[in-house]
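Source file: run_30.csv (CSV, C-alpha atoms)
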```csv
chain,number,residue,atom,x,y,z
A,93,MET,CA,15.6,-111.8,70.6
A,94,ARG,CA,17.2,-109.6,73.1
A,95,LEU,CA,16.0,-106.0,73.0
A,96,PRO,CA,18.4,-103.1,73.0
A,97,GLN,CA,19.4,-101.6,76.3
A,98,ILE,CA,17.8,-98.3,77.5
A,99,THR,CA,19.6,-96.3,80.2
A,100,VAL,CA,17.5,-94.0,82.3
A,101,LEU,CA,19.1,-91.1,84.3
A,102,GLY,CA,17.3,-89.3,87.1
A,103,GLU,CA,15.7,-89.3,90.5
A,104,CYS,CA,13.9,-91.7,92.8
A,105,VAL,CA,11.3,-90.1,95.0
A,106,ALA,CA,9.4,-91.5,97.9
A,107,ASP,CA,5.7,-90.7,97.1
A,108,ALA,CA,3.7,-90.4,100.3
A,109,PHE,CA,0.0,-90.5,99.8
A,110,THR,CA,-2.5,-89.4,102.4
A,111,VAL,CA,-4.8,-92.2,103.5
A,112,PRO,CA,-8.5,-91.4,103.7
A,113,ALA,CA,-10.3,-91.1,107.0
A,114,PRO,CA,-7.6,-91.2,109.7
A,115,PRO,CA,-8.5,-90.1,113.2
A,116,PRO,CA,-9.1,-86.3,113.4
A,117,ASP,CA,-5.8,-85.6,115.1
A,118,GLU,CA,-3.6,-87.9,112.9
A,119,LEU,CA,-2.3,-88.0,109.3
A,120,THR,CA,-1.7,-91.4,107.9
A,121,LEU,CA,0.6,-91.8,104.9
A,122,ARG,CA,1.2,-94.7,102.5
A,123,VAL,CA,4.7,-94.4,101.0
A,124,LEU,CA,5.4,-95.9,97.6
A,125,PRO,CA,8.7,-95.7,95.6
A,126,GLY,CA,8.3,-93.3,92.7
A,127,GLY,CA,10.0,-90.5,90.8
A,128,GLY,CA,9.5,-90.0,87.1
A,129,PRO,CA,12.8,-91.5,85.8
A,130,ALA,CA,12.7,-94.4,88.3
A,131,ASN,CA,9.1,-95.2,87.2
A,132,THR,CA,10.1,-95.1,83.6
A,133,ALA,CA,13.0,-97.6,84.3
A,134,VAL,CA,10.6,-99.9,86.2
A,135,ALA,CA,8.1,-99.8,83.4
A,136,LEU,CA,10.7,-100.6,80.7
A,137,ALA,CA,12.1,-103.5,82.7
A,138,ARG,CA,8.7,-105.0,83.3
A,139,LEU,CA,7.9,-104.7,79.6
A,140,GLY,CA,11.0,-106.8,78.8
A,141,THR,CA,13.5,-104.1,77.8
A,142,PRO,CA,17.0,-104.3,79.4
A,143,ALA,CA,16.8,-101.2,81.6
A,144,ARG,CA,19.5,-99.6,83.6
A,145,LEU,CA,19.0,-96.7,86.0
A,146,LEU,CA,21.7,-94.2,86.7
A,147,ALA,CA,20.6,-92.8,90.1
A,148,ARG,CA,22.1,-91.6,93.3
A,149,LEU,CA,20.5,-93.8,95.9
A,150,SER,CA,20.5,-93.0,99.6
A,151,ASP,CA,21.1,-95.6,102.3
A,152,ASP,CA,18.2,-94.4,104.3
A,153,VAL,CA,14.9,-96.2,104.7
A,154,PHE,CA,13.5,-94.8,101.4
A,155,GLY,CA,16.7,-95.6,99.5
A,156,ARG,CA,16.3,-99.2,100.6
A,157,LEU,CA,12.7,-99.1,99.4
A,158,PHE,CA,13.8,-97.8,96.0
A,159,ARG,CA,16.4,-100.6,95.6
A,160,ALA,CA,14.0,-103.3,96.5
A,161,ARG,CA,11.4,-102.1,94.0
A,162,LEU,CA,13.9,-101.5,91.2
A,163,GLU,CA,15.7,-104.8,91.6
A,164,SER,CA,12.4,-106.8,91.9
A,165,SER,CA,11.3,-105.3,88.6
A,166,GLY,CA,14.5,-106.3,86.9
A,167,VAL,CA,16.2,-102.8,86.7
A,168,ASP,CA,20.0,-102.9,86.4
A,169,LEU,CA,21.5,-100.8,89.3
A,170,SER,CA,25.1,-101.8,88.7
A,171,GLN,CA,26.2,-98.2,88.0
A,172,ALA,CA,23.9,-96.5,90.5
A,173,VAL,CA,25.8,-94.3,93.0
A,174,ARG,CA,25.5,-95.1,96.7
A,175,ALA,CA,24.9,-91.6,98.2
A,176,GLY,CA,25.2,-90.3,101.7
A,177,GLU,CA,22.5,-87.6,101.4
A,178,PRO,CA,18.9,-88.4,102.3
A,179,SER,CA,16.2,-89.4,99.8
A,180,THR,CA,13.7,-87.0,98.2
A,181,LEU,CA,10.1,-87.1,99.6
A,182,ALA,CA,7.0,-86.0,97.9
A,183,VAL,CA,3.6,-85.8,99.7
A,184,ALA,CA,0.7,-86.3,97.4
A,185,GLU,CA,-3.0,-85.6,97.8
A,186,LEU,CA,-5.4,-87.2,95.3
A,187,ASP,CA,-8.5,-85.5,94.1
A,188,ALA,CA,-11.8,-87.2,93.2
A,189,ALA,CA,-10.5,-87.9,89.7
A,190,GLY,CA,-7.3,-89.5,90.9
A,191,GLN,CA,-5.1,-86.6,90.0
A,192,ALA,CA,-2.2,-85.9,92.4
A,193,ALA,CA,-1.1,-82.6,93.8
A,194,TYR,CA,2.4,-82.7,95.3
A,195,SER,CA,4.4,-81.0,98.0
A,196,PHE,CA,8.2,-81.7,97.9
A,197,HIS,CA,10.9,-82.2,100.5
A,198,ALA,CA,14.0,-82.0,98.3
A,199,GLN,CA,16.6,-79.7,99.9
A,200,GLY,CA,20.1,-81.2,99.8
A,201,THR,CA,18.8,-84.7,98.8
A,202,ALA,CA,20.8,-87.4,97.0
A,203,ASP,CA,19.1,-87.1,93.6
A,204,PHE,CA,20.4,-83.7,92.7
A,205,GLN,CA,24.1,-83.9,93.7
A,206,TRP,CA,25.5,-85.4,90.5
A,207,THR,CA,29.1,-84.6,89.7
A,208,ALA,CA,30.9,-84.8,86.4
A,209,ASP,CA,33.2,-87.5,87.7
A,210,GLU,CA,30.4,-89.7,88.8
A,211,LEU,CA,28.8,-89.5,85.4
A,212,ALA,CA,32.1,-89.9,83.5
A,213,ALA,CA,32.5,-93.4,85.0
A,214,THR,CA,29.4,-94.6,83.1
A,215,ASP,CA,29.9,-96.9,80.2
A,216,LEU,CA,27.3,-96.3,77.4
A,217,ALA,CA,28.8,-98.7,74.9
A,218,SER,CA,25.8,-101.0,75.0
A,219,THR,CA,23.1,-98.3,75.4
A,220,ALA,CA,20.9,-97.7,72.4
A,221,CYS,CA,18.9,-94.9,74.1
A,222,LEU,CA,19.5,-92.6,77.0
A,223,HIS,CA,16.3,-91.3,78.7
A,224,SER,CA,16.3,-88.4,81.2
A,225,GLY,CA,14.4,-85.4,82.4
A,226,SER,CA,12.4,-84.3,85.4
A,227,LEU,CA,14.1,-82.8,88.3
A,228,ALA,CA,17.6,-84.3,88.1
A,229,LEU,CA,18.1,-82.5,84.8
A,230,VAL,CA,17.2,-79.0,86.1
A,231,ARG,CA,18.0,-78.9,89.8
A,232,GLU,CA,21.4,-77.7,90.9
A,233,PRO,CA,24.2,-78.5,91.7
A,234,GLY,CA,23.9,-81.6,89.5
A,235,GLY,CA,21.7,-80.4,86.6
A,236,ARG,CA,24.5,-79.0,84.5
A,237,ALA,CA,26.5,-82.2,84.9
A,238,VAL,CA,23.5,-84.2,83.7
A,239,GLU,CA,23.0,-81.9,80.7
A,240,GLU,CA,26.7,-82.2,79.7
A,241,PHE,CA,26.5,-86.0,80.1
A,242,LEU,CA,23.5,-86.1,77.7
A,243,ALA,CA,25.5,-84.0,75.2
A,244,ARG,CA,28.3,-86.6,75.2
A,245,ALA,CA,25.9,-89.5,75.0
A,246,SER,CA,24.2,-88.1,72.0
A,247,ALA,CA,27.2,-89.0,69.9
A,248,THR,CA,26.2,-92.7,70.1
A,249,ALA,CA,22.7,-93.0,71.6
A,250,THR,CA,19.2,-91.9,70.9
A,251,ILE,CA,18.3,-89.2,73.4
A,252,SER,CA,14.8,-89.1,75.0
A,253,LEU,CA,13.7,-86.3,77.3
A,254,ASP,CA,10.6,-85.8,79.6
A,255,PRO,CA,10.8,-82.3,81.3
A,256,ASN,CA,8.1,-83.2,83.8
A,257,VAL,CA,7.9,-79.6,85.0
A,258,ARG,CA,7.6,-79.2,88.8
A,259,PRO,CA,6.9,-75.5,89.4
A,260,LEU,CA,6.9,-75.9,93.2
A,261,LEU,CA,10.6,-76.8,93.1
A,262,VAL,CA,11.9,-75.1,89.9
A,263,ALA,CA,10.5,-72.0,88.3
A,264,PRO,CA,9.1,-72.7,84.8
A,265,GLU,CA,11.4,-69.9,83.5
A,266,VAL,CA,14.4,-72.2,84.2
A,267,TYR,CA,12.9,-74.9,82.1
A,268,ARG,CA,12.1,-72.4,79.3
A,269,GLU,CA,15.6,-71.1,79.2
A,270,ARG,CA,17.2,-74.6,79.0
A,271,LEU,CA,14.6,-76.3,76.8
A,272,PRO,CA,16.1,-75.1,73.4
A,273,ARG,CA,19.4,-76.7,74.4
A,274,TRP,CA,17.7,-79.9,75.4
A,275,CYS,CA,15.8,-80.0,72.1
A,276,ALA,CA,19.1,-79.6,70.3
A,277,LEU,CA,20.2,-82.8,72.0
A,278,ALA,CA,17.0,-84.8,72.0
A,279,ASP,CA,15.6,-87.1,69.4
A,280,VAL,CA,12.4,-87.7,71.4
A,281,LEU,CA,10.5,-85.2,73.6
A,282,ARG,CA,7.5,-86.3,75.6
A,283,VAL,CA,5.5,-83.6,77.4
A,284,SER,CA,2.2,-83.6,79.1
A,285,GLU,CA,-0.5,-81.1,78.3
A,286,ASP,CA,0.2,-79.4,81.7
A,287,ASP,CA,3.9,-79.3,80.8
A,288,LEU,CA,3.1,-77.6,77.5
A,289,GLU,CA,1.1,-74.8,79.2
A,290,LEU,CA,4.0,-74.1,81.5
A,291,LEU,CA,6.8,-74.3,78.9
A,292,LEU,CA,5.1,-72.4,76.1
A,293,PRO,CA,2.1,-70.6,77.6
A,294,GLY,CA,-0.7,-69.9,75.1
A,295,HIS,CA,0.8,-72.1,72.4
A,296,PRO,CA,-1.5,-74.6,70.7
A,297,ILE,CA,0.0,-78.0,70.3
A,298,ASP,CA,0.8,-77.7,66.6
A,299,ARG,CA,2.7,-74.5,67.1
A,300,ALA,CA,4.6,-75.9,70.1
A,301,CYS,CA,5.6,-79.0,68.1
A,302,ASP,CA,6.9,-76.8,65.4
A,303,VAL,CA,9.0,-74.7,67.9
A,304,TRP,CA,10.6,-77.8,69.3
A,305,HIS,CA,11.2,-79.3,65.8
A,306,SER,CA,12.9,-76.1,64.9
A,307,ALA,CA,15.2,-76.5,67.9
A,308,GLY,CA,16.2,-79.9,66.8
A,309,THR,CA,13.9,-82.6,68.1
A,310,ARG,CA,12.6,-85.0,65.5
A,311,LEU,CA,9.8,-86.7,67.5
A,312,VAL,CA,7.5,-84.7,69.8
A,313,VAL,CA,4.7,-86.4,71.7
A,314,VAL,CA,2.2,-84.5,73.8
A,315,THR,CA,0.1,-86.7,76.1
A,316,LEU,CA,-3.5,-85.6,76.8
A,317,GLY,CA,-4.5,-87.8,79.7
A,318,GLY,CA,-7.7,-89.6,78.9
A,319,ARG,CA,-7.9,-88.0,75.5
A,320,GLY,CA,-4.8,-89.9,74.3
A,321,ALA,CA,-1.8,-88.2,72.6
A,322,ILE,CA,-0.7,-86.2,69.7
A,323,ALA,CA,2.6,-87.1,68.1
A,324,SER,CA,4.6,-85.0,65.6
A,325,LEU,CA,7.5,-86.5,63.5
A,326,ASP,CA,9.3,-83.6,61.7
A,327,GLY,CA,5.9,-81.8,61.5
A,328,GLU,CA,3.8,-84.8,60.3
A,329,ARG,CA,1.1,-85.3,63.0
A,330,VAL,CA,-0.9,-88.2,64.2
A,331,THR,CA,-3.5,-88.5,67.0
A,332,VAL,CA,-3.8,-91.7,69.1
A,333,ALA,CA,-6.8,-92.4,71.4
A,334,ALA,CA,-6.5,-93.7,75.0
A,335,PRO,CA,-8.2,-97.0,75.7
A,336,PRO,CA,-11.3,-96.8,77.9
A,337,THR,CA,-10.0,-97.1,81.5
A,338,ALA,CA,-11.5,-97.4,85.0
A,339,VAL,CA,-9.1,-94.9,86.5
A,340,VAL,CA,-7.9,-95.6,90.1
A,341,ASP,CA,-5.3,-92.8,89.9
A,342,THR,CA,-3.0,-91.3,87.3
A,343,VAL,CA,0.2,-91.4,89.2
A,344,GLY,CA,3.0,-92.6,86.9
A,345,ALA,CA,0.9,-92.7,83.8
A,346,GLY,CA,3.1,-90.3,81.8
A,347,ASP,CA,6.2,-92.2,82.8
A,348,SER,CA,4.6,-95.5,81.7
A,349,PHE,CA,3.6,-93.9,78.4
A,350,THR,CA,7.2,-92.9,77.8
A,351,ALA,CA,8.4,-96.4,78.7
A,352,GLY,CA,5.9,-98.0,76.3
A,353,LEU,CA,6.9,-95.6,73.5
A,354,LEU,CA,10.6,-96.3,73.9
A,355,HIS,CA,10.1,-100.1,74.4
A,356,HIS,CA,8.1,-100.3,71.2
A,357,LEU,CA,10.6,-98.3,69.2
A,358,GLY,CA,13.4,-100.5,70.6
A,359,ALA,CA,11.6,-103.7,69.7
A,360,LYS,CA,11.3,-102.5,66.1
A,361,GLY,CA,15.0,-101.8,65.9
A,362,LEU,CA,14.5,-98.1,65.6
A,363,LEU,CA,16.6,-96.9,68.6
A,364,GLY,CA,20.3,-96.0,68.4
A,365,GLY,CA,21.3,-92.8,66.6
A,366,ARG,CA,19.0,-90.1,65.2
A,367,LEU,CA,15.9,-92.1,64.4
A,368,THR,CA,16.7,-91.8,60.6
A,369,ASP,CA,14.5,-94.9,59.8
A,370,LEU,CA,11.5,-93.8,61.8
A,371,ARG,CA,8.3,-93.2,59.9
A,372,ILE,CA,4.9,-91.9,61.0
A,373,ASP,CA,3.3,-95.4,60.9
A,374,ASP,CA,5.9,-96.5,63.4
A,375,VAL,CA,5.1,-93.5,65.6
A,376,THR,CA,1.3,-94.4,65.5
A,377,GLN,CA,1.9,-98.0,66.5
A,378,ALA,CA,4.4,-97.0,69.2
A,379,CYS,CA,2.0,-94.4,70.7
A,380,ALA,CA,-1.0,-96.8,70.6
A,381,PHE,CA,1.1,-99.3,72.6
A,382,ALA,CA,2.3,-96.6,75.0
A,383,ALA,CA,-1.3,-95.5,75.6
A,384,ARG,CA,-2.2,-99.0,76.6
A,385,VAL,CA,0.7,-99.3,79.0
A,386,ALA,CA,-0.3,-95.9,80.5
A,387,ALA,CA,-4.0,-97.0,80.8
A,388,LEU,CA,-3.0,-100.2,82.7
A,389,THR,CA,-1.0,-98.0,85.1
A,390,CYS,CA,-4.0,-95.8,85.7
A,391,SER,CA,-6.2,-98.9,86.4
A,392,VAL,CA,-4.2,-99.7,89.6
A,393,SER,CA,-3.1,-97.7,92.6
A,394,GLY,CA,0.2,-95.7,92.5
A,395,PRO,CA,3.1,-95.8,90.1
A,396,ASN,CA,2.7,-99.5,89.4
A,397,PRO,CA,3.2,-100.1,85.6
A,398,PRO,CA,2.2,-103.5,84.0
A,399,TRP,CA,4.4,-106.5,83.3
A,400,GLU,CA,4.5,-107.7,79.8
A,401,ARG,CA,2.2,-110.6,80.5
A,402,GLU,CA,-0.5,-108.2,81.7
A,403,LEU,CA,-0.7,-106.5,78.3
A,404,ARG,CA,-2.8,-109.4,77.2
A,405,GLN,CA,-5.5,-108.7,79.8
A,406,PRO,CA,-8.3,-106.2,79.5
A,407,VAL,CA,-7.4,-102.8,81.0
A,408,THR,CA,-9.9,-103.0,83.8
A,409,SER,CA,-8.8,-106.5,85.0
A,410,VAL,CA,-5.2,-106.0,86.0
A,411,GLY,CA,-4.6,-106.4,89.7
A,412,THR,CA,-2.4,-104.3,92.0
```

Here is the file; what I need is its structure written in the form of structure tokens.
Amino acid sequence: MRLPQITVLGECVADAFTVPAPPPDELTLRVLPGGGPANTAVALARLGTPARLLARLSDDVFGRLFRARLESSGVDLSQAVRAGEPSTLAVAELDAAGQAAYSFHAQGTADFQWTADELAATDLASTACLHSGSLALVREPGGRAVEEFLARASATATISLDPNVRPLLVAPEVYRERLPRWCALADVLRVSEDDLELLLPGHPIDRACDVWHSAGTRLVVVTLGGRGAIASLDGERVTVAAPPTAVVDTVGAGDSFTAGLLHHLGAKGLLGGRLTDLRIDDVTQACAFAARVAALTCSVSGPNPPWERELRQPVTSVGT
């Protein structure tokens, strides 16, 4: 059975990781193709969902790296824009727990130059779900065009959003101002615990979920890292544990969780429209599946989500 198509809209970012123990007067970097939306598209395709990425891909060395990774993972790039601007670069330092701290080089880069005309050329007739978020939704000049595109797409597709707040590039106040509009469009909102603290400082999870439900979103999922996730469907809550994992790093884990969640909902025939048939048992199962996908991503280096065949292996045995 062919699963429904999920279209992802957003950026590709070159993730440059510092390599331990270089000579004292050198800095060695290992560059991997990343970016939250691109990671989500890769994870969806590897799980078996027909995944299409709407991205503005540079022709520079990083853009070629993005294309190679996306295409080798099975992501449809037929409607990606070939952009003249350079790619976005993020330099990441990992702490002892595998958590990444980023610095960004994103001024005038390809990912954030969307125009209404570029997006108007996109055919969504076969798309059951449109997922977006992260920087392409909030950085100008393209952010407004992306938001307007989501509003049009909501007439026919389930809308999924992951704000993925990056305060080094965009002030949290900008996200807070726009989030009520996004929730009015979104059927699914996935945020991390860190995102929650930036978006609604001081709000406990239950209260935050209620705020976002009131704004219009039916399904809110807050991921808690190694403690799993809390999901709320119209105010009905469920907690899902994370599988025990030998963590190498956590890069791309949230993106993989989102992909696992959407893949599972699509496989159950629940995507397309306003999630009217979704029940809390479906949410529990989807989140448990998503947590496993995220755990497998954490068990290897970098934003390297699992293929469908790897889901049958123990979390600690998947290779890089």

Segment 122-186 of chain A near segment 216-220 of chain A within 12 Å: what's each residue's closest atom pair and its distance in Å to one decimal, counting only C-alpha atoms, ordered by chain then ascending residue number, as CSV?
```
residue,atom,partner,partner_atom,distance
A:Thr141,CA,A:Ala220,CA,11.2
A:Pro142,CA,A:Thr219,CA,9.4
A:Ala143,CA,A:Thr219,CA,9.3
A:Arg144,CA,A:Thr219,CA,9.0
A:Leu145,CA,A:Thr219,CA,11.5
A:Leu146,CA,A:Leu216,CA,11.1
A:Gln171,CA,A:Leu216,CA,10.8
```

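Computed from the coordinates, the atom CA of Ile297 of chain A to atom CA of Gly320 of chain A distance equals 13.4 Å.
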
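Distance annotation: of A:Pro96, A:Gly317, A:Gly234, A:Gly364, the residue with the minimal separation from Phe349 of chain A is A:Gly317; atom set is only C-alpha atoms.
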
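The gap separating atom CA of Ala160 of chain A from atom CA of Gln199 of chain A is 24.0 Å, in Å to one decimal.
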
So, counting all atoms listed in the file, which residue among A:Pro114, A:Pro129, A:Gly235, A:Pro264 is closest to Thr99 of chain A?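 Of the candidates, the smallest distance to Thr99 of chain A is held by A:Pro129.
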
Using all atoms listed in the file, find the one residue out of A:Ala380, A:Met93, A:Ala249, A:Leu186 that sits nearest to Asp341 of chain A.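 Among the listed residues, A:Leu186 lies closest to Asp341 of chain A.
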
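From atom CA of Ala276 of chain A back to atom CA of Arg244 of chain A, the distance works out to 12.6 Å.
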
With all atoms listed in the file as the atoms that count, which of A:Ala351, A:Arg94, A:Val238, A:Pro293 lies nearest to Ala383 of chain A?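 Using all atoms listed in the file, Ala383 of chain A sits closest to A:Ala351.
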
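Residues with any atom within 9 Å of Gly365 of chain A, counting all atoms listed in the file and excluding same-chain neighbours fewer than 6 positions away, are Ala220, Cys221, Ser246, Ala247, Thr248, Ala249, Thr250, Ile251 and Asp279 of chain A.
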
Who sits within 8 Å of Gly352 of chain A, only C-alpha atoms, same chain under 3 positions skipped, as a PyMOL selection string: chain A and resi 135-136+139+348-349+355-356+378-379+381-383+385-386

Kindly export the residues of the current selection with C-alpha atoms, as an mmCIF file, in the frame of the given file.
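Dumped to result10.cif:
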```cif
data_model
loop_
_atom_site.group_PDB
_atom_site.id
_atom_site.type_symbol
_atom_site.label_atom_id
_atom_site.label_comp_id
_atom_site.auth_asym_id
_atom_site.auth_seq_id
_atom_site.Cartn_x
_atom_site.Cartn_y
_atom_site.Cartn_z
ATOM 1 C CA ALA A 135 8.100 -99.800 83.400
ATOM 2 C CA LEU A 136 10.700 -100.600 80.700
ATOM 3 C CA LEU A 139 7.900 -104.700 79.600
ATOM 4 C CA SER A 348 4.600 -95.500 81.700
ATOM 5 C CA PHE A 349 3.600 -93.900 78.400
ATOM 6 C CA HIS A 355 10.100 -100.100 74.400
ATOM 7 C CA HIS A 356 8.100 -100.300 71.200
ATOM 8 C CA ALA A 378 4.400 -97.000 69.200
ATOM 9 C CA CYS A 379 2.000 -94.400 70.700
ATOM 10 C CA PHE A 381 1.100 -99.300 72.600
ATOM 11 C CA ALA A 382 2.300 -96.600 75.000
ATOM 12 C CA ALA A 383 -1.300 -95.500 75.600
ATOM 13 C CA VAL A 385 0.700 -99.300 79.000
ATOM 14 C CA ALA A 386 -0.300 -95.900 80.500
#
```

Applying 9 Å and only C-alpha atoms, which residues near Glu285 of chain A remain after dropping the ones on its own chain fewer than 3 positions away? List them as number ranges by chain. A: 288-290, 297, 314-317

Of the candidates A:Ser195, A:Thr331, A:Asn131, A:Ser252, which shows the shortest atom-to-atom distance to Gly394 of chain A, using only C-alpha atoms?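 Under the stated criterion, the closest residue is A:Asn131.
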
Residue nearest Ala321 of chain A among A:His305, A:Arg299, A:Arg282, A:Arg401 (counting all atoms listed in the file):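 That would be A:Arg282, the residue with the smallest distance to Ala321 of chain A.
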
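Residues within 10 Å of Leu281 of chain A, counting all atoms listed in the file and excluding same-chain residues fewer than 5 positions away, are His223, Gly225, Ile251, Ser252, Leu253, Asp254, Pro255, Trp274, Cys275, Cys301, Trp304, His305, Thr309, Arg310, Leu311, Val312, Val313, Val314, Ala323, Ser324 and Thr350 of chain A.
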
Scan for residues within 8 Å of the point (4.1, -106.5, 82.3) in the coordinates of the file, using all atoms listed in the file, and reply as an mmCIF file with C-alpha atoms, keeping the file's coordinate frame.
```cif
data_model
loop_
_atom_site.group_PDB
_atom_site.id
_atom_site.type_symbol
_atom_site.label_atom_id
_atom_site.label_comp_id
_atom_site.auth_asym_id
_atom_site.auth_seq_id
_atom_site.Cartn_x
_atom_site.Cartn_y
_atom_site.Cartn_z
ATOM 1 C CA ALA A 135 8.100 -99.800 83.400
ATOM 2 C CA ARG A 138 8.700 -105.000 83.300
ATOM 3 C CA LEU A 139 7.900 -104.700 79.600
ATOM 4 C CA GLY A 140 11.000 -106.800 78.800
ATOM 5 C CA PRO A 397 3.200 -100.100 85.600
ATOM 6 C CA PRO A 398 2.200 -103.500 84.000
ATOM 7 C CA TRP A 399 4.400 -106.500 83.300
ATOM 8 C CA GLU A 400 4.500 -107.700 79.800
ATOM 9 C CA ARG A 401 2.200 -110.600 80.500
ATOM 10 C CA GLU A 402 -0.500 -108.200 81.700
ATOM 11 C CA LEU A 403 -0.700 -106.500 78.300
#
```

Near Tyr267 of chain A, counting only C-alpha atoms, which residues have an atom at most 8 Å away, once you skip same-chain residues fewer than 4 positions from it, shown as a list in words? Val230, Pro255, Val257, Val262, Ala263, Leu271 and Leu291 of chain A

Place N, CA, C and O atoms on segment 182-198 of chain A and deliver the coordinates as a compact mmCIF listing (two decimals), keeping the file's coordinate frame.
```
# COMPACT_ATOMS: atom_id res chain seq x y z
N ALA A 182 8.07 -86.75 98.42
CA ALA A 182 7.00 -86.00 97.90
C ALA A 182 5.68 -86.45 98.57
O ALA A 182 5.41 -87.65 98.66
N VAL A 183 4.90 -85.52 99.08
CA VAL A 183 3.60 -85.80 99.70
C VAL A 183 2.51 -85.49 98.71
O VAL A 183 2.45 -84.36 98.22
N ALA A 184 1.68 -86.47 98.39
CA ALA A 184 0.70 -86.30 97.40
C ALA A 184 -0.73 -86.41 97.94
O ALA A 184 -1.01 -87.28 98.76
N GLU A 185 -1.59 -85.51 97.49
CA GLU A 185 -3.00 -85.60 97.80
C GLU A 185 -3.75 -85.88 96.48
O GLU A 185 -3.52 -85.19 95.47
N LEU A 186 -4.63 -86.88 96.47
CA LEU A 186 -5.40 -87.20 95.30
C LEU A 186 -6.76 -86.58 95.33
O LEU A 186 -7.44 -86.62 96.36
N ASP A 187 -7.18 -86.01 94.17
CA ASP A 187 -8.50 -85.50 94.10
C ASP A 187 -9.51 -86.56 93.69
O ASP A 187 -9.14 -87.73 93.55
N ALA A 188 -10.75 -86.18 93.48
CA ALA A 188 -11.80 -87.20 93.20
C ALA A 188 -11.55 -87.90 91.87
O ALA A 188 -12.03 -89.03 91.68
N ALA A 189 -10.78 -87.29 90.95
CA ALA A 189 -10.50 -87.90 89.70
C ALA A 189 -9.19 -88.70 89.67
O ALA A 189 -8.78 -89.22 88.64
N GLY A 190 -8.54 -88.79 90.84
CA GLY A 190 -7.30 -89.50 90.90
C GLY A 190 -6.06 -88.73 90.54
O GLY A 190 -4.97 -89.27 90.46
N GLN A 191 -6.22 -87.42 90.31
CA GLN A 191 -5.10 -86.60 90.00
C GLN A 191 -4.36 -86.19 91.29
O GLN A 191 -4.98 -85.89 92.30
N ALA A 192 -3.01 -86.17 91.21
CA ALA A 192 -2.20 -85.90 92.40
C ALA A 192 -1.70 -84.48 92.42
O ALA A 192 -1.22 -83.97 91.41
N ALA A 193 -1.78 -83.84 93.60
CA ALA A 193 -1.10 -82.60 93.80
C ALA A 193 -0.02 -82.80 94.86
O ALA A 193 -0.26 -83.42 95.91
N TYR A 194 1.21 -82.34 94.56
CA TYR A 194 2.40 -82.70 95.30
C TYR A 194 2.93 -81.54 96.15
O TYR A 194 2.89 -80.38 95.73
N SER A 195 3.51 -81.85 97.30
CA SER A 195 4.40 -81.00 98.00
C SER A 195 5.74 -81.74 98.15
O SER A 195 5.72 -82.95 98.42
N PHE A 196 6.88 -81.06 97.98
CA PHE A 196 8.20 -81.70 97.90
C PHE A 196 9.07 -81.37 99.08
O PHE A 196 9.07 -80.23 99.56
N HIS A 197 9.86 -82.36 99.51
CA HIS A 197 10.90 -82.20 100.50
C HIS A 197 12.20 -82.65 99.85
O HIS A 197 12.52 -83.84 99.84
N ALA A 198 12.92 -81.68 99.25
CA ALA A 198 14.00 -82.00 98.30
C ALA A 198 15.28 -81.23 98.56
O ALA A 198 16.20 -81.30 97.74
```
